[in-house]
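*Asks:* I'm passing along my_file_35.pdb; it holds PDB, C-alpha atoms.
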MODEL        1
ATOM      1  CA  SER P   1      97.955 135.461  69.630
ATOM      2  CA  GLY P   2      96.096 136.974  72.563
ATOM      3  CA  PRO P   3      93.186 135.893  74.761
ATOM      4  CA  GLY P   4      90.168 134.884  72.700
ATOM      5  CA  ALA P   5      92.211 134.385  69.538
ATOM      6  CA  PRO P   6      91.380 131.257  67.481
ATOM      7  CA  VAL P   7      93.499 128.175  68.135
ATOM      8  CA  MET P   8      94.680 126.362  64.991
ATOM      9  CA  VAL P   9      94.841 122.564  65.170
ATOM     10  CA  ILE P  10      95.979 120.201  62.409
ATOM     11  CA  ALA P  11      94.436 116.755  62.940
ATOM     12  CA  THR P  12      95.768 114.113  60.579
ATOM     13  CA  GLY P  13      96.518 110.444  60.168
ATOM     14  CA  ARG P  14      99.965 111.340  58.860
ATOM     15  CA  LEU P  15     103.195 111.040  60.778
ATOM     16  CA  LEU P  16     104.478 114.269  62.309
ATOM     17  CA  GLY P  17     107.316 114.480  59.789
ATOM     18  CA  ASP P  18     104.796 114.493  56.932
ATOM     19  CA  VAL P  19     102.722 117.420  58.278
ATOM     20  CA  PRO P  20     103.491 120.902  56.828
ATOM     21  CA  TYR P  21     102.843 122.719  60.127
ATOM     22  CA  GLN P  22     105.652 125.198  59.427
ATOM     23  CA  GLU P  23     103.687 126.571  56.466
ATOM     24  CA  VAL P  24     100.594 127.474  58.518
ATOM     25  CA  PRO P  25     100.372 131.283  58.943
ATOM     26  CA  ALA P  26      99.839 131.182  62.714
ATOM     27  CA  ARG P  27     102.155 131.806  65.644
ATOM     28  CA  GLU P  28     101.119 128.588  67.380
ATOM     29  CA  VAL P  29      99.781 125.413  65.778
ATOM     30  CA  TYR P  30      98.823 122.245  67.623
ATOM     31  CA  VAL P  31      99.414 119.072  65.625
ATOM     32  CA  LEU P  32      97.384 115.927  66.318
ATOM     33  CA  SER P  33      99.317 113.470  64.156
ATOM     34  CA  THR P  34      98.803 109.721  63.626
ATOM     35  CA  ASN P  35      95.066 110.195  64.284
ATOM     36  CA  GLY P  36      95.669 111.798  67.670
ATOM     37  CA  ALA P  37      98.222 109.310  69.046
ATOM     38  CA  GLN P  38     100.834 112.072  69.012
ATOM     39  CA  LEU P  39     100.279 115.673  70.179
ATOM     40  CA  SER P  40     102.809 118.397  69.421
ATOM     41  CA  LEU P  41     102.947 122.187  69.513
ATOM     42  CA  TRP P  42     104.682 124.253  66.831
ATOM     43  CA  ARG P  43     105.664 127.796  67.731
ATOM     44  CA  GLY P  44     106.630 129.781  64.666
ATOM     45  CA  PRO P  45     109.536 132.237  64.657
ATOM     46  CA  GLU P  46     108.816 135.728  65.976
ATOM     47  CA  THR P  47     111.242 137.180  63.441
ATOM     48  CA  GLY P  48     112.481 135.974  60.080
ATOM     49  CA  SER P  49     115.927 135.214  61.471
ATOM     50  CA  GLU P  50     114.752 132.964  64.314
ATOM     51  CA  PRO P  51     113.968 129.254  63.970
ATOM     52  CA  GLY P  52     110.617 127.886  65.069
ATOM     53  CA  ARG P  53     110.272 125.420  67.919
ATOM     54  CA  LEU P  54     108.491 122.076  67.976
ATOM     55  CA  GLN P  55     107.468 120.629  71.329
ATOM     56  CA  GLN P  56     106.190 117.077  71.678
ATOM     57  CA  ILE P  57     103.489 117.072  74.356
ATOM     58  CA  SER P  58     102.403 113.435  74.397
ATOM     59  CA  ALA P  59     102.533 110.184  72.434
ATOM     60  CA  LEU P  60     100.855 106.785  72.780
ATOM     61  CA  HIS P  61     103.213 103.902  71.997
ATOM     62  CA  PHE P  62     102.555 100.219  71.416
ATOM     63  CA  SER P  63     103.774  97.756  74.015
ATOM     64  CA  ASP P  64     106.478  95.390  72.819
ATOM     65  CA  GLN P  65     103.953  92.523  72.946
ATOM     66  CA  ALA P  66     101.503  94.391  70.717
ATOM     67  CA  THR P  67     104.197  95.345  68.216
ATOM     68  CA  ARG P  68     105.414  91.760  67.906
ATOM     69  CA  ALA P  69     101.853  90.474  67.442
ATOM     70  CA  ILE P  70     101.247  92.928  64.601
ATOM     71  CA  LEU P  71     104.537  92.093  62.886
ATOM     72  CA  ALA P  72     103.759  88.374  63.124
ATOM     73  CA  LEU P  73     100.508  88.998  61.256
ATOM     74  CA  ALA P  74     102.160  91.365  58.772
ATOM     75  CA  GLY P  75     104.797  88.961  57.484
ATOM     76  CA  PRO P  76     105.606  88.200  53.820
ATOM     77  CA  SER P  77     102.663  85.809  53.508
ATOM     78  CA  GLY P  78     100.208  88.321  54.973
ATOM     79  CA  CYS P  79     100.862  91.602  53.174
ATOM     80  CA  ASP P  80     103.031  93.447  50.645
ATOM     81  CA  ALA P  81     104.757  95.838  53.074
ATOM     82  CA  VAL P  82     104.575  97.183  56.603
ATOM     83  CA  TRP P  83     105.433 100.725  57.724
ATOM     84  CA  CYS P  84     106.579 101.289  61.293
ATOM     85  CA  SER P  85     107.020 104.757  62.828
ATOM     86  CA  ASP P  86     110.425 105.546  64.291
ATOM     87  CA  ALA P  87     110.959 106.594  67.916
ATOM     88  CA  SER P  88     110.342 110.277  67.163
ATOM     89  CA  GLY P  89     107.197 109.684  65.104
ATOM     90  CA  HIS P  90     108.770 111.723  62.298
ATOM     91  CA  LYS P  91     109.581 108.986  59.800
ATOM     92  CA  TYR P  92     108.496 105.518  58.695
ATOM     93  CA  GLN P  93     110.830 102.566  58.538
ATOM     94  CA  VAL P  94     109.497 100.328  55.764
ATOM     95  CA  VAL P  95     109.954  96.607  55.267
ATOM     96  CA  ALA P  96     108.781  95.745  51.736
ATOM     97  CA  HIS P  97     108.092  92.058  51.265
ATOM     98  CA  ASN P  98     107.889  92.265  47.475
ATOM     99  CA  ALA P  99     108.179  94.623  44.502
ATOM    100  CA  GLU P 100     104.507  95.592  44.771
ATOM    101  CA  GLY P 101     104.953  96.678  48.383
ATOM    102  CA  ARG P 102     107.980  98.776  47.490
ATOM    103  CA  ALA P 103     106.206 100.405  44.548
ATOM    104  CA  ARG P 104     103.086 101.181  46.611
ATOM    105  CA  THR P 105     105.211 102.765  49.324
ATOM    106  CA  VAL P 106     107.014 105.032  46.882
ATOM    107  CA  GLU P 107     103.691 105.945  45.262
ATOM    108  CA  ILE P 108     101.890 106.823  48.497
ATOM    109  CA  LEU P 109     104.467 108.259  50.911
ATOM    110  CA  THR P 110     106.214 111.624  50.648
ATOM    111  CA  PRO P 111     109.938 111.376  49.794
ATOM    112  CA  GLY P 112     112.063 111.918  52.869
ATOM    113  CA  VAL P 113     109.404 110.626  55.272
ATOM    114  CA  PHE P 114     110.417 106.971  54.947
ATOM    115  CA  GLU P 115     113.367 104.673  54.528
ATOM    116  CA  PHE P 116     113.476 101.048  53.420
ATOM    117  CA  VAL P 117     115.070  98.682  55.949
ATOM    118  CA  PRO P 118     115.626  94.903  55.827
ATOM    119  CA  ALA P 119     114.099  94.546  59.318
ATOM    120  CA  PHE P 120     112.933  96.771  62.165
ATOM    121  CA  ASP P 121     115.294  97.842  64.920
ATOM    122  CA  GLU P 122     115.175  96.073  68.277
ATOM    123  CA  PRO P 123     113.875  96.644  70.879
ATOM    124  CA  LEU P 124     110.625  98.206  69.686
ATOM    125  CA  GLN P 125     108.950  98.773  73.053
ATOM    126  CA  ASN P 126     107.797 102.374  73.651
ATOM    127  CA  LYS P 127     109.033 103.459  70.241
ATOM    128  CA  VAL P 128     106.163 102.818  67.816
ATOM    129  CA  VAL P 129     103.106 105.102  67.661
ATOM    130  CA  VAL P 130     101.578 103.715  64.466
ATOM    131  CA  MET P 131     101.966 100.911  61.936
ATOM    132  CA  ILE P 132     100.551 100.742  58.415
ATOM    133  CA  VAL P 133     100.074  97.548  56.460
ATOM    134  CA  VAL P 134     100.077  97.648  52.644
ATOM    135  CA  VAL P 135      97.754  94.941  51.318
ATOM    136  CA  VAL P 136      95.545  94.416  48.253
ATOM    137  CA  ASP P 137      92.399  93.630  50.280
ATOM    138  CA  PRO P 138      92.506  95.936  53.334
ATOM    139  CA  HIS P 139      88.952  95.078  54.491
ATOM    140  CA  SER P 140      89.694  91.351  54.765
ATOM    141  CA  TRP P 141      93.092  91.920  56.397
ATOM    142  CA  ALA P 142      91.597  94.323  58.960
ATOM    143  CA  ALA P 143      88.748  91.917  59.785
ATOM    144  CA  ARG P 144      91.216  89.076  60.362
ATOM    145  CA  ALA P 145      93.526  91.287  62.432
ATOM    146  CA  LYS P 146      90.684  92.325  64.747
ATOM    147  CA  LYS P 147      90.029  88.659  65.540
ATOM    148  CA  ILE P 148      93.671  87.699  66.088
ATOM    149  CA  LEU P 149      95.417  90.694  67.657
ATOM    150  CA  PRO P 150      95.254  91.231  71.429
ATOM    151  CA  SER P 151      92.980  93.838  72.996
ATOM    152  CA  GLY P 152      94.181  97.418  73.172
ATOM    153  CA  ILE P 153      94.890  97.665  69.441
ATOM    154  CA  SER P 154      92.806  99.682  66.964
ATOM    155  CA  VAL P 155      92.642  98.465  63.350
ATOM    156  CA  VAL P 156      91.179 100.636  60.564
ATOM    157  CA  SER P 157      90.813  99.793  56.866
ATOM    158  CA  TYR P 158      91.432 102.696  54.485
ATOM    159  CA  ALA P 159      89.852 100.964  51.484
ATOM    160  CA  PRO P 160      89.734 101.613  48.586
ATOM    161  CA  ARG P 161      93.352 102.628  49.317
ATOM    162  CA  PRO P 162      95.418  99.448  49.894
ATOM    163  CA  LEU P 163      96.196 100.406  53.509
ATOM    164  CA  VAL P 164      95.333  99.299  57.031
ATOM    165  CA  GLY P 165      96.183 101.614  59.928
ATOM    166  CA  ILE P 166      97.024 100.196  63.364
ATOM    167  CA  GLN P 167      97.508 102.161  66.590
ATOM    168  CA  VAL P 168      96.778 102.033  70.315
ATOM    169  CA  ALA P 169      93.055 101.609  70.953
ATOM    170  CA  GLY P 170      91.062 104.273  72.722
ATOM    171  CA  MET P 171      92.596 107.142  70.802
ATOM    172  CA  ASP P 172      91.171 108.848  67.736
ATOM    173  CA  LYS P 173      90.844 112.417  66.508
ATOM    174  CA  GLY P 174      87.690 112.931  68.541
ATOM    175  CA  VAL P 175      89.281 111.798  71.813
ATOM    176  CA  ALA P 176      92.371 113.877  71.038
ATOM    177  CA  LEU P 177      90.219 116.947  70.393
ATOM    178  CA  ARG P 178      88.447 116.502  73.734
ATOM    179  CA  CYS P 179      91.770 116.125  75.567
ATOM    180  CA  LEU P 180      93.245 119.206  73.903
ATOM    181  CA  CYS P 181      90.155 121.291  74.655
ATOM    182  CA  ALA P 182      90.316 120.249  78.303
ATOM    183  CA  GLN P 183      93.992 121.193  78.443
ATOM    184  CA  LEU P 184      93.350 124.589  76.836
ATOM    185  CA  ARG P 185      90.101 125.123  78.796
ATOM    186  CA  VAL P 186      88.147 125.557  75.583
ATOM    187  CA  ALA P 187      84.562 124.319  75.396
ATOM    188  CA  LEU P 188      83.943 121.682  72.718
ATOM    189  CA  GLY P 189      80.947 123.722  71.621
ATOM    190  CA  GLU P 190      83.315 126.463  70.525
ATOM    191  CA  THR P 191      85.236 124.244  68.107
ATOM    192  CA  VAL P 192      84.859 123.783  64.349
ATOM    193  CA  ALA P 193      86.328 120.650  62.753
ATOM    194  CA  PHE P 194      86.757 119.805  59.063
ATOM    195  CA  GLY P 195      87.016 116.223  57.851
ATOM    196  CA  ASP P 196      86.317 114.013  54.851
ATOM    197  CA  GLY P 197      87.487 110.491  55.673
ATOM    198  CA  VAL P 198      86.856 107.462  57.853
ATOM    199  CA  ASN P 199      89.385 108.635  60.458
ATOM    200  CA  ASP P 200      87.537 111.967  60.854
ATOM    201  CA  LEU P 201      84.157 110.629  61.994
ATOM    202  CA  GLU P 202      84.707 110.849  65.764
ATOM    203  CA  MET P 203      86.172 114.337  65.483
ATOM    204  CA  LEU P 204      83.267 115.602  63.361
ATOM    205  CA  GLU P 205      80.819 114.272  65.955
ATOM    206  CA  ALA P 206      82.779 115.649  68.934
ATOM    207  CA  ALA P 207      83.262 119.198  67.631
ATOM    208  CA  GLY P 208      80.781 121.973  68.252
ATOM    209  CA  CYS P 209      80.388 122.172  64.481
ATOM    210  CA  GLY P 210      81.557 119.341  62.253
ATOM    211  CA  VAL P 211      82.055 120.311  58.611
ATOM    212  CA  ALA P 212      82.530 118.046  55.575
ATOM    213  CA  PRO P 213      83.379 119.070  51.999
ATOM    214  CA  SER P 214      81.111 117.970  49.176
ATOM    215  CA  ASN P 215      83.503 115.172  48.155
ATOM    216  CA  ALA P 216      83.693 113.608  51.639
ATOM    217  CA  ILE P 217      82.751 109.971  52.121
ATOM    218  CA  ALA P 218      79.105 109.315  52.978
ATOM    219  CA  GLU P 219      79.864 108.487  56.626
ATOM    220  CA  ALA P 220      81.672 111.813  57.094
ATOM    221  CA  LYS P 221      78.730 113.728  55.658
ATOM    222  CA  GLN P 222      76.395 111.898  58.034
ATOM    223  CA  SER P 223      78.631 112.726  61.017
ATOM    224  CA  ALA P 224      78.964 116.403  60.072
ATOM    225  CA  ASP P 225      76.656 119.251  61.039
ATOM    226  CA  VAL P 226      77.372 121.081  57.775
ATOM    227  CA  VAL P 227      78.162 119.760  54.285
ATOM    228  CA  LEU P 228      79.820 122.399  52.135
ATOM    229  CA  ALA P 229      78.873 123.190  48.558
ATOM    230  CA  ARG P 230      82.521 122.916  47.460
ATOM    231  CA  SER P 231      84.968 120.014  47.369
ATOM    232  CA  ASN P 232      88.559 119.809  48.580
ATOM    233  CA  GLU P 233      89.651 120.340  44.980
ATOM    234  CA  GLU P 234      87.869 123.715  45.156
ATOM    235  CA  ASP P 235      89.654 124.826  48.360
ATOM    236  CA  ALA P 236      86.546 124.081  50.413
ATOM    237  CA  VAL P 237      88.193 124.414  53.833
ATOM    238  CA  ALA P 238      90.060 127.631  53.061
ATOM    239  CA  ARG P 239      86.938 129.238  51.591
ATOM    240  CA  ALA P 240      84.826 128.078  54.535
ATOM    241  CA  LEU P 241      87.261 129.582  57.027
ATOM    242  CA  LEU P 242      87.137 132.899  55.188
ATOM    243  CA  GLU P 243      83.332 132.799  55.192
ATOM    244  CA  LEU P 244      83.275 131.949  58.895
ATOM    245  CA  HIS P 245      85.686 134.760  59.703
ATOM    246  CA  SER P 246      83.807 137.385  57.704
ATOM    247  CA  GLY P 247      80.175 136.426  58.198
ATOM    248  CA  GLY P 248      79.919 133.680  60.798
ATOM    249  CA  HIS P 249      78.305 131.137  58.474
ATOM    250  CA  PHE P 250      79.125 128.678  55.690
ATOM    251  CA  SER P 251      77.868 128.336  52.124
ATOM    252  CA  ALA P 252      76.126 124.945  52.102
ATOM    253  CA  PRO P 253      74.186 123.276  49.271
TER     254      PRO P 253
ENDMDL
END
What would you get if you wrote out this structure as structure tokens?
*Replies:*
Amino acid sequence: SGPGAPVMVIATGRLLGDVPYQEVPAREVYVLSTNGAQLSLWRGPETGSEPGRLQQISALHFSDQATRAILALAGPSGCDAVWCSDASGHKYQVVAHNAEGRARTVEILTPGVFEFVPAFDEPLQNKVVVMIVVVVDPHSWAARAKKILPSGISVVSYAPRPLVGIQVAGMDKGVALRCLCAQLRVALGETVAFGDGVNDLEMLEAAGCGVAPSNAIAEAKQSADVVLARSNEEDAVARALLELHSGGHFSAP
């Protein structure tokens, strides 16, 4: 890619090991994983015989005190399972407190991106970038956690999915986008961001043009500048990128 070429960025709540960055047809792809807590750069192979290279640029880890506070709240009496990222941010270690927690984990996570363990490794300080709690009522659990956990921790309910995401406060996809743009010396007004969920709101508002598919949640549509006529099931993002590349505009309702 040369000067002025588009920069591809994958922004996701997933762990790095669960992001298919190697399949993106671009020489360089920035990956904002775990909602921006981890920033990496994938450089694809220049020839078919060469391997690609993944460079971790930055990562925000919990303090040991924060990790212990979360685990104390996410014990067997508080939830069905808890997922804890490993030191590399590539895989989850999972402690399932019951059969429901184990079944939910297998149902939701990609095979190979997690492993069940009887307990988390010690020490945990500067190793954990994100934790996920599996619980039947994520709204209630998140509300309680916000009252009990110390400051510096962000808690997000992913209801109706039975999940609560926990990471270092002050970082989200919007903040990560601003930081990356500053590093690359790209104006925010020149960016286009696509999002459909609760963890995309800040990014949609920060981008020069925030775009939501037709099946996005209501809050994402409100945060976006453009709501597409198509849904994710209709390849909304891919079609929108083609439209933007060829004509400079989107097909909106």
*Asks:* Please evaluate the PyMOL selection byres ((chain P and resi 219) around 12) against the structure above and give the resulting residues as a list in words.
*Replies:*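 Evaluating the PyMOL selection byres ((chain P and resi 219) around 12) on these coordinates yields Gly195, Asp196, Gly197, Val198, Asn199, Asp200, Leu201, Glu202, Leu204, Glu205, Ala212, Asn215, Ala216, Ile217, Ala218, Ala220, Lys221, Gln222, Ser223, Ala224 and Val227 of chain P.
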*Asks:* Out of P:Ala236, P:Val29, P:Val129, P:Ala159, which residue has the shortest atom-to-atom distance to P:Trp141 when counting all atoms listed in the file?
*Replies:*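 Of P:Ala236, P:Val29, P:Val129, P:Ala159, the one nearest P:Trp141, counting all atoms listed in the file, is P:Ala159.
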*Asks:* Would you kindly translate the PyMOL selection byres ((chain P and resi 190) around 9) into the concrete residues it picks from this file, as a list in words?
*Replies:* Val186, Ala187, Leu188, Gly189, Thr191, Val192, Ala207, Gly208 and Cys209 of chain P
*Asks:* List, as a PyMOL selection string, every residue that the PyMOL selection byres ((chain P and resi 137) around 10) selects in the file provided.
*Replies:* chain P and resi 79+134-136+138-142+157+159-164
*Asks:* Could you please determine the separation between atom CA of P:Val24 and atom CA of P:Gly36 in Å, to one decimal place?
*Replies:* 18.8 Å
*Asks:* Which one of P:Ala193, P:Ala74, P:Leu149, P:Val31 sits closest to P:Met131 if you count all atoms listed in the file?
*Replies:*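 Looking only at the distances to P:Met131, the closest residue turns out to be P:Ala74.
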*Asks:* Tell me, in Å to one decimal, how far atom CA of P:Phe116 is from atom CA of P:Trp42.
*Replies:* 28.2 Å
*Asks:* Pull the closest atom pair for each residue of stretch 51-101 of chain P that gets at most 10 Å from stretch 4-18 of chain P, along with the distance in Å to one decimal, counting all atoms listed in the file, ordering rows by chain and then ascending residue number, as a tab-separated table.
*Replies:*
residue	atom	partner	partner_atom	distance
P:Gln56	CA	P:Leu16	CA	9.9
P:Ser85	CA	P:Leu15	CA	7.6
P:Asp86	CA	P:Leu15	CA	9.7
P:Ser88	CA	P:Leu16	CA	8.6
P:Gly89	CA	P:Leu16	CA	6.0
P:His90	CA	P:Gly17	CA	4.0
P:Lys91	CA	P:Gly17	CA	5.9
P:Tyr92	CA	P:Leu15	CA	7.9
*Asks:* Fewer than 3 positions away in the same chain doesn't count, so skip those; otherwise give me all residues within 10 Å of P:Leu71, counting all atoms listed in the file, as a ChimeraX atom specification.
*Replies:* /P:66-68,74-76,78,82,84,120,131,133
*Asks:* Can you work out which one of P:Ala143, P:Ala96, P:Val175, P:Leu39 has the shortest atom-to-atom distance to P:Phe114, counting only C-alpha atoms?
*Replies:*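 Smallest distance to P:Phe114 is found for P:Ala96.
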*Asks:* Looking at only C-alpha atoms, which of P:Gln167, P:Ser63, P:Gln183, P:Ser77 is the one that sits closest to P:Thr34?
*Replies:*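 Selected residue with least distance to P:Thr34: P:Gln167.
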*Asks:* What is the distance, in Å and to one decimal place, between atom CA of P:Ala169 and atom CA of P:Val113?
*Replies:*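 Taking atom CA of P:Ala169 and atom CA of P:Val113, their separation equals 24.4 Å.
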*Asks:* List as an NGL selection string the residues having at least one atom at most 7 Å from position (107.3, 131.5, 65.7) as given in the file, counting only C-alpha atoms.
*Replies:* :P and (27 or 43-46 or 52)
*Asks:* Just checking: using all atoms listed in the file, which residue out of P:Leu109, P:Leu241, P:Ala206, P:Val211 ends up closest to P:Leu228?
*Replies:* P:Val211
*Asks:* Could you write out as AutoDock Vina command-line options the box around stretch 177-185 of chain P (axis-aligned, all atoms listed in the file, 5 Å on each side), with centre and edge lengths in Å to one decimal?
*Replies:*
--center_x 91.2 --center_y 120.6 --center_z 74.6 --size_x 15.5 --size_y 19.0 --size_z 18.4
*Asks:* Which of these residues is nearest to P:Leu41, using all atoms listed in the file: P:Ala26, P:Glu115, P:Ile57, P:Glu100?
*Replies:*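 That would be P:Ile57, the residue with the smallest distance to P:Leu41.
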